[in-house]
Amino acid sequence: MVHRTRRAVLAASILASIILTVWVGSNLARFVTDGWWLAVLIALPLGVATIDVLSGVVHWACDRFGDAATPVLGPLLIRAFREHHVDPRQMVEHDWVETNGEPCFFSALALAVLALLAPSVQSGLGAAAVAVVWTMAAVGSWSNQVHKWAHMSRAPRLARFLQRAGLALRPDEHACHHRAPHDSGYCISTGWMNPLLDRIGLWSWLERSLRRTP
Ligand SMILES: [Zn+2]
Ligand SMILES: [Zn+2]
């Protein structure tokens with residue numbers, strides 16, 4: 001019963017995320033016709049980069065701190081990330097609802113707030129803020145799907161097109177994270193930010209800084 005209720009909530013979250021993405025997206029079209037096209041144009045790649053960094057931060061934190069027994073976050077997040085290192089291809093067996101339900105749940109919440117705020121936006125700055133969060137939610141909804149594609153030996157044609165175009169995480173790029181000690185390539189939404197964040201050593205710097213914190 002608990003399992004069926006969970007599945008129903010996850011499936012509803014996916015549907016809500018899709019509907020709200022289109023709904024709030026129509027407001028973005030209004031922003032463009034209202035003359036704030038430059039704000040929207042800048043906000044879109046900024047939103048993609050921001051959700052990619054956010055996916056990296058969550059992944060890094062779950063890989064490096066706590067364990068499956070950590071209260072709340074252990075069973076909710078950490079266990080799945082750790083098990084993914086042991087058996088990377090297990091996620092390929094997950095169906096559409098299991099793969100995408102949880103990210104869509106959180107994205108749908110953010111999109112619901114945007115749906116309330118977007119119609120009253122009256123400035124370019126407001127339009128840019130809505131466009132950034134909309135892009136984060138729209139891309140974030142499918143982070144697990146994109147990650148799953150990167151592990152499939154034969155991904156769908158659309159996935160391979162997006163990977164080649166640099167719009168989805170590439171398997172060769174993600175493979176570096178699956179080599180011990182799993183300390184690079186944490187970003188899994190699009191992977192755009194991995195080269196920069198790995199090169200500047202953000203993750204090791206964050207860990208050193210946190211260890212120094214009393
Ligand atoms: Zn990992
Ligand atoms: Zn992976």
# chains A, B, ... in the order shown; residues from 1 in each chain; ligands from 1

$ closest_atom_pairs --of "chain A" --to "ligand 1" --cutoff "10 Å" --atoms "only C-alpha atoms and all ligand atoms" --output "tab-separated table"
residue	atom	partner	partner_atom_place_in_ligand_line	distance
A:Gly56	CA	ligand 1	1 (Zn)	9.3
A:Val58	CA	ligand 1	1 (Zn)	9.8
A:His59	CA	ligand 1	1 (Zn)	6.0
A:Trp60	CA	ligand 1	1 (Zn)	6.8
A:Ala61	CA	ligand 1	1 (Zn)	9.4
A:Cys62	CA	ligand 1	1 (Zn)	7.7
A:Asp63	CA	ligand 1	1 (Zn)	5.4
A:Arg64	CA	ligand 1	1 (Zn)	8.7
A:Ile78	CA	ligand 1	1 (Zn)	9.5
A:Ala80	CA	ligand 1	1 (Zn)	9.3
A:Phe81	CA	ligand 1	1 (Zn)	5.5
A:Arg82	CA	ligand 1	1 (Zn)	6.6
A:Glu83	CA	ligand 1	1 (Zn)	9.0
A:His84	CA	ligand 1	1 (Zn)	7.0
A:His85	CA	ligand 1	1 (Zn)	6.1
A:Val86	CA	ligand 1	1 (Zn)	9.8
A:Pro88	CA	ligand 1	1 (Zn)	9.5
A:His174	CA	ligand 1	1 (Zn)	10.0
A:His177	CA	ligand 1	1 (Zn)	6.5
A:His178	CA	ligand 1	1 (Zn)	7.2
A:Arg179	CA	ligand 1	1 (Zn)	9.7
A:Ala180	CA	ligand 1	1 (Zn)	9.9
A:Pro181	CA	ligand 1	1 (Zn)	9.4
A:His182	CA	ligand 1	1 (Zn)	6.0
A:Asp183	CA	ligand 1	1 (Zn)	7.8
A:Ser184	CA	ligand 1	1 (Zn)	8.6
A:Gly185	CA	ligand 1	1 (Zn)	8.4
A:Tyr186	CA	ligand 1	1 (Zn)	6.5
A:Cys187	CA	ligand 1	1 (Zn)	9.4
A:Ile188	CA	ligand 1	1 (Zn)	9.5

$ write_last_selection --atoms "C-alpha atoms" --output "short mmCIF file (atom, residue, chain, number, x, y, z; two decimals), in the first residue's frame"
data_model
loop_
_atom_site.label_atom_id
_atom_site.label_comp_id
_atom_site.auth_asym_id
_atom_site.auth_seq_id
_atom_site.Cartn_x
_atom_site.Cartn_y
_atom_site.Cartn_z
CA GLY A 56 27.07 18.51 -8.35
CA VAL A 58 24.07 17.51 -3.77
CA HIS A 59 25.96 14.57 -5.34
CA TRP A 60 29.28 15.60 -3.77
CA ALA A 61 27.70 16.06 -0.30
CA CYS A 62 25.97 12.65 -0.51
CA ASP A 63 29.15 10.90 -1.72
CA ARG A 64 31.51 12.42 0.86
CA ILE A 78 22.83 9.05 0.36
CA ALA A 80 21.16 5.67 -3.69
CA PHE A 81 24.35 7.60 -4.54
CA ARG A 82 26.59 5.08 -2.70
CA GLU A 83 24.86 2.05 -4.23
CA HIS A 84 25.27 3.66 -7.63
CA HIS A 85 29.08 3.43 -7.24
CA VAL A 86 28.86 -0.28 -6.41
CA PRO A 88 26.28 1.77 -11.75
CA HIS A 174 30.57 10.74 -16.69
CA HIS A 177 33.22 9.75 -11.78
CA HIS A 178 32.91 5.98 -11.72
CA ARG A 179 36.64 5.48 -11.30
CA ALA A 180 37.82 5.32 -7.66
CA PRO A 181 38.04 7.50 -5.61
CA HIS A 182 34.93 9.00 -7.30
CA ASP A 183 36.07 12.54 -6.54
CA SER A 184 35.44 14.36 -9.84
CA GLY A 185 32.65 14.83 -12.38
CA TYR A 186 29.94 15.28 -9.74
CA CYS A 187 27.61 17.38 -11.95
CA ILE A 188 24.98 15.15 -13.56
#

$ residues_around --residues "Val130 of chain A" --least-positions-apart "5" --cutoff "10 Å" --atoms "only C-alpha atoms" --output "list of chain:residue names"
A:Val24, A:Gly25, A:Asn27, A:Leu28, A:Phe31, A:Val40, A:Ala43, A:Gly47, A:Leu111, A:Leu114, A:Ala115, A:Leu117, A:Ala118, A:Val121, A:Gly124, A:Leu125, A:Thr135, A:Met136

$ closest_residue --among "A:Ile14, A:Met193, A:Ala155, A:Met91" --to "ligand 2" --atoms "only C-alpha atoms and all ligand atoms"
A:Met91

$ select_by_dssp --residues "chain A" --states "helix (DSSP H, G or I)" --output "PyMOL selection string"
chain A and resi 2-33+37-64+73-86+88-93+96-120+124-140+143-151+157-164+171-178+194-199+202-212

$ atom_distance --atom1 "atom CA of Glu98 of chain A" --atom2 "atom CA of Arg7 of chain A"
7.7 Å

$ closest_residue --among "A:Leu109, A:Val92, A:Ala8, A:Val53" --to "Ser189 of chain A" --atoms "only C-alpha atoms"
A:Val53

$ closest_residue --among "A:Trp96, A:Leu10, A:Ala129, A:Val48" --to "Gly191 of chain A" --atoms "only C-alpha atoms"
A:Val48

$ closest_residue --among "A:Trp37, A:Trp203, A:Phe105, A:Trp149" --to "ligand 2" --atoms "only C-alpha atoms and all ligand atoms"
A:Trp149

$ closest_residue --among "A:Leu197, A:Val97, A:Ala150, A:Ala168" --to "ligand 2" --atoms "only C-alpha atoms and all ligand atoms"
A:Ala150

$ closest_residue --among "A:Ser55, A:Thr213, A:Ser107, A:Gln122" --to "Trp134 of chain A" --atoms "only C-alpha atoms"
A:Ser107

$ atom_distance --atom1 "atom CA of Gly140 of chain A" --atom2 "atom CA of Val2 of chain A"
25.9 Å

$ residues_around --residues "Val132 of chain A" --least-positions-apart "4" --cutoff "10 Å" --atoms "only C-alpha atoms" --output "list in words"
Ala39, Val40, Leu41, Ile42, Ala43, Leu44, Pro45, Leu46, Gly47, Val48, Ala49, Thr50, Ile51, Gly126, Ala127, Ala128, Met136, Ala137 and Ala138 of chain A

$ write_last_selection --atoms "C-alpha atoms" --output "PDB file, in the first residue's frame"
ATOM      1  CA  ALA A  39      16.982  38.948 -19.911  1.00  0.00           C
ATOM      2  CA  VAL A  40      15.399  35.630 -20.924  1.00  0.00           C
ATOM      3  CA  LEU A  41      18.222  34.847 -23.352  1.00  0.00           C
ATOM      4  CA  ILE A  42      20.874  35.324 -20.645  1.00  0.00           C
ATOM      5  CA  ALA A  43      18.795  33.543 -17.996  1.00  0.00           C
ATOM      6  CA  LEU A  44      18.365  30.276 -19.927  1.00  0.00           C
ATOM      7  CA  PRO A  45      22.048  29.152 -20.030  1.00  0.00           C
ATOM      8  CA  LEU A  46      22.524  30.595 -16.540  1.00  0.00           C
ATOM      9  CA  GLY A  47      19.693  28.369 -15.279  1.00  0.00           C
ATOM     10  CA  VAL A  48      21.201  25.289 -16.964  1.00  0.00           C
ATOM     11  CA  ALA A  49      24.626  26.007 -15.436  1.00  0.00           C
ATOM     12  CA  THR A  50      23.106  26.669 -11.991  1.00  0.00           C
ATOM     13  CA  ILE A  51      21.120  23.410 -11.853  1.00  0.00           C
ATOM     14  CA  GLY A 126      11.896  39.771 -12.446  1.00  0.00           C
ATOM     15  CA  ALA A 127      11.600  38.112 -15.855  1.00  0.00           C
ATOM     16  CA  ALA A 128      15.246  36.970 -15.650  1.00  0.00           C
ATOM     17  CA  MET A 136      16.563  24.997 -13.323  1.00  0.00           C
ATOM     18  CA  ALA A 137      13.258  23.212 -12.653  1.00  0.00           C
ATOM     19  CA  ALA A 138      12.690  22.192 -16.278  1.00  0.00           C
TER      20      ALA A 138
END
